[in-house]
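Data block below; observations after.
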Amino acid sequence: MSKFKIDRQTLDELNLLGKFRAGSVYHLFNQVRTRGGEQLLDEMFNNPLSSTVLINERSETFKCFQEHDFRFDYDVQVISVFREYLDTKTYNHKIRVYFSLLSRSVLARLTRDERYKKSIQGFQAIVQVLKKTTALMPLLSWAPEPFQSRVQEIQVLLKRPDMDQLLQMDIYSEIDLGTLVFYEHLLKGKLHTDMENVLSFIYELDVYQAVGMVARAKGLGYARALEPEQNVFRCQNLRHPCIEKAVGNDLLLEEDSNVLFLTGANMAGKSTWMKSLGIGLYLAHMGFPVAADSFEFSLREGLYSSINVADNINLGYSHFYAEVVRVKQAAEAAASGARLMLMFDELFKGTNVKDAFDGTLAVTEGFAEYTNCLFVVSTHIIEVGEELRGFPNIQFRYMPTILEGGVPRYTYRLKEGITEDRQGMMIIQSEKILELLER
Amino acid sequence: MKLETDAQTLEDLRIFGKREQTGIFDLYNDTHTRGGEKLLREMFRNPLSDIESIGYRRHIFAYFSEHHLEFPFEGSLLDMAEKYTASTKDAGASRQQILNDKDIENGVVSIIQLTQKLRIFIDIDVVKASVPFAGEREAIITILESDVLQPVLRDKNSGKVSYSAITAFDALFRSKGQIKIEGLLHLIYLLDVYLSVARVALKYGFTYPKAHQKGSRILSVDGLFHPELKKPVANDMVMEGHSSLVFLTGANMAGKSTFLRSIGTATFLAHMGFPVAARAMEFSIMDGLYTTINLPDDLGMGASHFYAEVLRVKKIASELHKGKKLFVIFDELFRGTNVKDAHEATVAIAIGFARNSESRFIISSHIVEAAEQLGVEPGIDFLFLPTRMNGTTPEYTYTLERGVTDDRHGMLIIRSEGILDILKNGKKGRIYCNEAQ
């Protein structure tokens, strides 16, 4: 299957990536301890999966790590020394290794050359890590497949006779130059790939435990991927993972009810809910935990959003045009028959009310016919909803506003139907503007 | 009295430039001196609101536009004098450290030259004959004739002053002469502004608007255009007597915002006594000018676009309530809400505004239905900017016409991009596929 389609705009709008961006989803999960773990996490964020099997397997692994409350208690410092040791190249020929180490040991005594010390430290780090990993193996007996096979693989590796001597090594007793040369040559030569394998296994552990820990701390749930043909999207109590005390909502989108038409006042939470949907779907495709009590979804081929397009009203017309271009891209993607999720927040807000009305109506009608796509559209132009009543596959939901003594309050809980809140005149009346003009 | 306005208005009309973008101020700024530029900026920051001061300034500008005069001093002369006088304000001791002997010599010599040239300038026939400038001329003469400056005017060495004389002049300029010199410099800066604005008016073909008393219910422009446009289209508009509100319609690209900016800018400049980009203009002086053309959505702050608009309407309503006479512009009023609310709110607010017959309002909107309801109300006029369809490409005349239009091109653009066709012909879901067959 092809790669999950998502573009920069969508990634930005959902604030998915970005290590240094506070509030990004990546930032939320980035609790890994090692550099390699971080790289692996990066890779997962950049490559959502496109097979139900892989998704469910990974998701299951995270779940087990969370349930068993696995703690990553490697010394991070030692792991980076390990990494460094492997990365410094040495000679192929043992004699040359011998002489280079010998010269370093002499240099270390005469000057402040630290390379000899580094070699010793690197070797010690490997021994420590291997011992630690061996001790860890029995604790991972619960690991589900396919991670279980990884565990087995590493276990077999560590039990090999050539490893045995290494594992017996006491790092606190003296290590002579001969031993050092022997292992420097072996570890950086014949056993190099095995060592890399052990390291990447540790990075995997790091990511699994970090994500499991975040899931536990934030009370996240796990998604279940279904075959694309089932064409369903079902979630309960889905929230925005990065917002504290976020309010959750339920939703069911299916073949014959694939369009969600969302209305509500400006501050009522439409955009946040759409972002929650997008983030949930993306995380689910990565096999990551999602901020929901339950989450089932048919595999999608891509995600398009247009949320909170920076309001560049100065650009006026061209802002509207940019929106049109965006919709066109989405239309082309949908027309190709791909199973997508499309989200449009406040469509055509860069133009006048009437054009926005016509545009939103025409585009929603057009997209509604693509029942293999999921389509979420929000607008403050509630009149569009009335026109769309005839479509059997459009669901209507709204985010309510409650006026308490003239002050609007928002529940952030979806309700069925189209909002009746006529906030416009309500605000004008509560601000007593007409009275002011009466004189 | 000062014309009330706010940051939003200055921003909408682009009075002051921002980063690479030049503003109206830059267009009018043709001054030779830094002091003149500063003074001009002050004037732009403080538009006036009383007929006397507006008229006073306007007459001077008009006079110098009519009788073309070059600024009689070189900029470098003023720079040196400025450097010198700026330091005389500090205590004597520290001054010696800032200025070396050369600076002092330059300063003294330039002040002597400025004073003498000014003496000659005010005796030019054109200046002498000027009624509007008489006040300023009188002020210059008073300073020049003061005892302190007599040695300066007497000096005949023109450029070559002995070291001892410099010391003597320096002492004079630092003590008794200081206030006089500053006074003269200020008048020179003012002269710089008058002459440069008059020159700008000639260069661009601007005219001087005629101001009427507050509350006289007059606003008429003839051949109004936007001063920053290369090939502007001129428009006429009259809002007299009780017709206090214009309801403006037109397609997105038809030029509504440009027209609103043109009239807003002209009104602003007219209240400064400055020449405006029009063939003729008459206006009643207002207490305030408020425009809402590019209202930013303060999403970060949590306020919606609609709410921002409402707050602005409220601010204006409370000013009107206090009896202020205002000139108000709203572009695309209430676009941040649904059609029905926008409709009702537009009608209610327009009717409320129109009652203030001594104020002037221009509201642009796409809600043509509101126009039908407003048609029966007194005091409301309807103008529109037309679109002529040339096949499928819209063409714009940018010329105001009476009436209402429901031209819109949003759907046209959506169609011409082929979005609906793409969706119509794509691979649809099962249900709709069967239906289509």
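Naming works like this for the structure tokens: A, B, ... for the chains as they're shown, residue 1 at the start of each chain, ligands 1 onward in shown order.
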
Quick one: everything within 7 Å of range 352-367 of chain A, counting only C-alpha atoms, minus sequence neighbours fewer than 3 positions away in the same chain. Send it as a ChimeraX atom specification.
/A:347-349,370,381,384 /B:335,338-339,366,408,410-411,420,423-424

Based on the backbone DSSP call, show me all residues of range 184-354 of chain A assigned strand (DSSP E), as a PDB file with C-alpha atoms, in the first residue's frame.
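Once written, result09.pdb looks like this:
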```
ATOM      1  CA  ALA A 223      -7.063   2.433  18.493  1.00  0.00           C
ATOM      2  CA  ARG A 224      -8.094  -0.613  16.546  1.00  0.00           C
ATOM      3  CA  ALA A 225      -7.466  -0.569  12.830  1.00  0.00           C
ATOM      4  CA  LEU A 226     -10.067  -2.139  10.557  1.00  0.00           C
ATOM      5  CA  VAL A 232     -16.041   3.127   9.448  1.00  0.00           C
ATOM      6  CA  PHE A 233     -14.808   5.617  11.990  1.00  0.00           C
ATOM      7  CA  ARG A 234     -16.008   5.265  15.531  1.00  0.00           C
ATOM      8  CA  CYS A 235     -14.706   6.985  18.635  1.00  0.00           C
ATOM      9  CA  GLN A 236     -15.832   7.513  22.164  1.00  0.00           C
ATOM     10  CA  ASN A 237     -14.743  10.404  24.332  1.00  0.00           C
ATOM     11  CA  LEU A 238     -12.192  11.585  21.796  1.00  0.00           C
ATOM     12  CA  ASN A 249     -16.964  13.691  22.309  1.00  0.00           C
ATOM     13  CA  ASP A 250     -18.309  10.630  20.531  1.00  0.00           C
ATOM     14  CA  LEU A 251     -18.670  10.239  16.803  1.00  0.00           C
ATOM     15  CA  LEU A 252     -19.611   7.549  14.307  1.00  0.00           C
ATOM     16  CA  LEU A 253     -18.945   8.066  10.623  1.00  0.00           C
ATOM     17  CA  GLU A 254     -19.864   5.282   8.224  1.00  0.00           C
ATOM     18  CA  VAL A 259     -20.269  13.671   6.322  1.00  0.00           C
ATOM     19  CA  LEU A 260     -20.219  15.637   9.550  1.00  0.00           C
ATOM     20  CA  PHE A 261     -21.665  19.112   9.260  1.00  0.00           C
ATOM     21  CA  LEU A 262     -20.563  21.111  12.240  1.00  0.00           C
ATOM     22  CA  THR A 263     -22.002  24.439  13.350  1.00  0.00           C
ATOM     23  CA  GLY A 264     -21.580  26.603  16.389  1.00  0.00           C
ATOM     24  CA  SER A 294     -12.314   3.732  22.311  1.00  0.00           C
ATOM     25  CA  PHE A 295     -11.301   4.301  18.748  1.00  0.00           C
ATOM     26  CA  GLU A 296     -11.981   2.105  15.735  1.00  0.00           C
ATOM     27  CA  PHE A 297     -11.134   3.145  12.233  1.00  0.00           C
ATOM     28  CA  SER A 298     -10.872   1.828   8.744  1.00  0.00           C
ATOM     29  CA  GLY A 302      -4.599  10.325   3.530  1.00  0.00           C
ATOM     30  CA  LEU A 303      -5.690  13.325   5.541  1.00  0.00           C
ATOM     31  CA  TYR A 304      -6.416  16.821   4.268  1.00  0.00           C
ATOM     32  CA  SER A 305      -7.297  19.711   6.492  1.00  0.00           C
ATOM     33  CA  SER A 306      -7.956  23.395   6.215  1.00  0.00           C
ATOM     34  CA  LEU A 340      -9.367  10.124   2.613  1.00  0.00           C
ATOM     35  CA  MET A 341     -10.412  12.117   5.577  1.00  0.00           C
ATOM     36  CA  LEU A 342     -11.086  15.726   4.615  1.00  0.00           C
ATOM     37  CA  MET A 343     -11.656  18.495   7.081  1.00  0.00           C
ATOM     38  CA  PHE A 344     -12.638  22.065   6.315  1.00  0.00           C
ATOM     39  CA  ASP A 345     -13.044  24.593   9.071  1.00  0.00           C
TER      40      ASP A 345
END
```

Counting only C-alpha atoms, chain A residues within 7 Å of chain B, as a ChimeraX atom specification
/A:266,311,313-314,317,324,328,331-332,335-337,352-355,358-359,363,366-367,369-372,380-382,422,424-425,428,433-434,436-439

May I ask which of the residues A:Leu414, A:Leu139, A:Arg300, A:Lys131 is the closest one to Gln165 in chain A, counting only C-alpha atoms?
A:Lys131

Applying 10 Å and only C-alpha atoms, which residues near range 151-157 of chain A remain after dropping the ones on its own chain fewer than 4 positions away? List them as a list in words.
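The residues satisfying every condition are Thr133, Thr134, Leu136, Met137, Pro138, Leu140, Ser141, Ala143, Pro144, Glu145, Pro146, Phe147, Pro161, Asp162, Met163, Asp194, Met195, Asn197, Val198 and Phe201 of chain A.
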
Pick out the residues sitting within 8 Å of Gly288 in chain B, and hand them over as a list in words; count only C-alpha atoms, and ignore anything fewer than 4 positions along from it in its own chain.
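Near neighbours after the sequence-gap exclusion: Leu3, Glu4, Thr5, Lys324, Lys325, Leu326 and Phe327 of chain B.
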
Can you list, as a ChimeraX atom specification, every protein, DNA or RNA residue that comes within 12 Å of Ile15 in chain B when you count only C-alpha atoms, leaving out same-chain residues fewer than 2 positions away?
/B:5-13,17-18,21-29,41,43-47,227-228,261-262,264-266,268-269

Requested write-out: N, CA and C atoms of the selected residues, as an mmCIF file, in the first residue's frame:
```cif
data_model
loop_
_atom_site.group_PDB
_atom_site.id
_atom_site.type_symbol
_atom_site.label_atom_id
_atom_site.label_comp_id
_atom_site.auth_asym_id
_atom_site.auth_seq_id
_atom_site.Cartn_x
_atom_site.Cartn_y
_atom_site.Cartn_z
ATOM 1 N N THR B 5 -9.349 59.951 16.185
ATOM 2 C CA THR B 5 -9.228 58.792 15.320
ATOM 3 C C THR B 5 -8.472 57.720 16.107
ATOM 4 N N ASP B 6 -8.189 56.598 15.501
ATOM 5 C CA ASP B 6 -7.506 55.560 16.277
ATOM 6 C C ASP B 6 -6.535 54.764 15.414
ATOM 7 N N ALA B 7 -5.837 53.870 16.053
ATOM 8 C CA ALA B 7 -4.787 53.110 15.370
ATOM 9 C C ALA B 7 -5.348 52.307 14.199
ATOM 10 N N GLN B 8 -6.542 51.724 14.397
ATOM 11 C CA GLN B 8 -7.156 50.935 13.338
ATOM 12 C C GLN B 8 -7.339 51.784 12.079
ATOM 13 N N THR B 9 -7.803 53.007 12.262
ATOM 14 C CA THR B 9 -8.038 53.902 11.129
ATOM 15 C C THR B 9 -6.733 54.239 10.419
ATOM 16 N N LEU B 10 -5.711 54.596 11.208
ATOM 17 C CA LEU B 10 -4.416 54.932 10.609
ATOM 18 C C LEU B 10 -3.878 53.749 9.815
ATOM 19 N N GLU B 11 -4.126 52.565 10.341
ATOM 20 C CA GLU B 11 -3.673 51.333 9.692
ATOM 21 C C GLU B 11 -4.454 51.106 8.393
ATOM 22 N N ASP B 12 -5.774 51.210 8.490
ATOM 23 C CA ASP B 12 -6.635 51.004 7.314
ATOM 24 C C ASP B 12 -6.245 51.937 6.172
ATOM 25 N N LEU B 13 -6.027 53.200 6.512
ATOM 26 C CA LEU B 13 -5.748 54.194 5.472
ATOM 27 C C LEU B 13 -4.277 54.193 5.098
ATOM 28 N N GLY B 17 3.784 54.532 6.725
ATOM 29 C CA GLY B 17 4.267 53.307 6.085
ATOM 30 C C GLY B 17 4.689 52.281 7.117
ATOM 31 N N LYS B 18 4.780 51.059 6.655
ATOM 32 C CA LYS B 18 5.222 49.986 7.546
ATOM 33 C C LYS B 18 6.221 49.142 6.799
ATOM 34 N N GLN B 21 6.393 48.827 2.945
ATOM 35 C CA GLN B 21 5.247 49.523 2.395
ATOM 36 C C GLN B 21 5.315 51.020 2.728
ATOM 37 N N THR B 22 5.126 51.855 1.717
ATOM 38 C CA THR B 22 5.125 53.283 2.014
ATOM 39 C C THR B 22 3.716 53.728 2.347
ATOM 40 N N GLY B 23 3.625 54.800 3.104
ATOM 41 C CA GLY B 23 2.320 55.296 3.515
ATOM 42 C C GLY B 23 2.004 56.630 2.877
ATOM 43 N N ILE B 24 0.811 57.143 3.226
ATOM 44 C CA ILE B 24 0.392 58.445 2.718
ATOM 45 C C ILE B 24 1.387 59.522 3.161
ATOM 46 N N PHE B 25 1.877 59.370 4.381
ATOM 47 C CA PHE B 25 2.850 60.334 4.900
ATOM 48 C C PHE B 25 4.052 60.447 3.961
ATOM 49 N N ASP B 26 4.551 59.295 3.517
ATOM 50 C CA ASP B 26 5.743 59.305 2.652
ATOM 51 C C ASP B 26 5.462 60.005 1.326
ATOM 52 N N LEU B 27 4.212 59.857 0.881
ATOM 53 C CA LEU B 27 3.830 60.501 -0.373
ATOM 54 C C LEU B 27 3.900 62.027 -0.244
ATOM 55 N N TYR B 28 3.503 62.524 0.909
ATOM 56 C CA TYR B 28 3.468 63.979 1.118
ATOM 57 C C TYR B 28 4.803 64.526 1.601
ATOM 58 N N ASN B 29 5.680 63.629 2.011
ATOM 59 C CA ASN B 29 6.928 64.099 2.599
ATOM 60 C C ASN B 29 7.970 64.393 1.529
ATOM 61 N N ARG B 41 5.319 64.999 10.346
ATOM 62 C CA ARG B 41 4.834 63.804 11.028
ATOM 63 C C ARG B 41 3.894 64.184 12.161
ATOM 64 N N MET B 43 2.051 66.770 12.261
ATOM 65 C CA MET B 43 0.776 67.190 11.665
ATOM 66 C C MET B 43 -0.070 65.980 11.306
ATOM 67 N N PHE B 44 0.561 64.929 10.767
ATOM 68 C CA PHE B 44 -0.175 63.714 10.420
ATOM 69 C C PHE B 44 -0.694 63.013 11.675
ATOM 70 N N ARG B 45 0.030 63.156 12.758
ATOM 71 C CA ARG B 45 -0.426 62.523 13.999
ATOM 72 C C ARG B 45 -1.568 63.306 14.625
ATOM 73 N N ASN B 46 -1.667 64.572 14.286
ATOM 74 C CA ASN B 46 -2.669 65.418 14.934
ATOM 75 C C ASN B 46 -3.556 66.135 13.931
ATOM 76 N N PRO B 47 -4.454 65.412 13.257
ATOM 77 C CA PRO B 47 -5.386 66.101 12.372
ATOM 78 C C PRO B 47 -6.272 67.038 13.187
ATOM 79 N N PRO B 227 -4.410 58.499 -3.963
ATOM 80 C CA PRO B 227 -3.146 59.134 -4.349
ATOM 81 C C PRO B 227 -2.015 58.148 -4.627
ATOM 82 N N GLU B 228 -2.127 56.914 -4.129
ATOM 83 C CA GLU B 228 -1.010 55.986 -4.302
ATOM 84 C C GLU B 228 -1.098 55.167 -5.589
ATOM 85 N N ARG B 261 -10.980 53.628 0.967
ATOM 86 C CA ARG B 261 -9.696 54.185 1.394
ATOM 87 C C ARG B 261 -9.505 55.594 0.853
ATOM 88 N N SER B 262 -9.891 55.800 -0.418
ATOM 89 C CA SER B 262 -9.711 57.123 -1.032
ATOM 90 C C SER B 262 -10.491 58.181 -0.268
ATOM 91 N N GLY B 264 -11.717 57.997 2.745
ATOM 92 C CA GLY B 264 -11.215 58.089 4.122
ATOM 93 C C GLY B 264 -9.942 58.916 4.192
ATOM 94 N N THR B 265 -9.031 58.651 3.265
ATOM 95 C CA THR B 265 -7.761 59.375 3.238
ATOM 96 C C THR B 265 -7.999 60.856 2.957
ATOM 97 N N ALA B 266 -8.868 61.144 1.979
ATOM 98 C CA ALA B 266 -9.143 62.535 1.630
ATOM 99 C C ALA B 266 -9.722 63.269 2.831
ATOM 100 N N PHE B 268 -9.353 62.543 5.975
ATOM 101 C CA PHE B 268 -8.297 62.691 6.973
ATOM 102 C C PHE B 268 -7.413 63.887 6.621
ATOM 103 N N LEU B 269 -6.951 63.939 5.374
ATOM 104 C CA LEU B 269 -6.043 65.009 4.949
ATOM 105 C C LEU B 269 -6.746 66.359 4.959
#
```

Could you tell me how far CA of Gln178 in chain B lies from CA of Tyr56 in chain B, in Å and to one decimal?
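We find that CA of Gln178 in chain B and CA of Tyr56 in chain B lie 28.3 Å from each other.
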
Which is closest to Ser244 in chain B among B:Ala350, B:Leu289, B:Leu144, B:Ala371, if we use only C-alpha atoms?
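Among the listed residues, the smallest separation from Ser244 in chain B belongs to B:Ala350.
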
Which residue of A:Glu204, A:Glu43, A:Asp293, A:Glu404 approaches Thr61 in chain A most closely, using only C-alpha atoms
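For Thr61 in chain A, the nearest of the candidates is A:Glu204.
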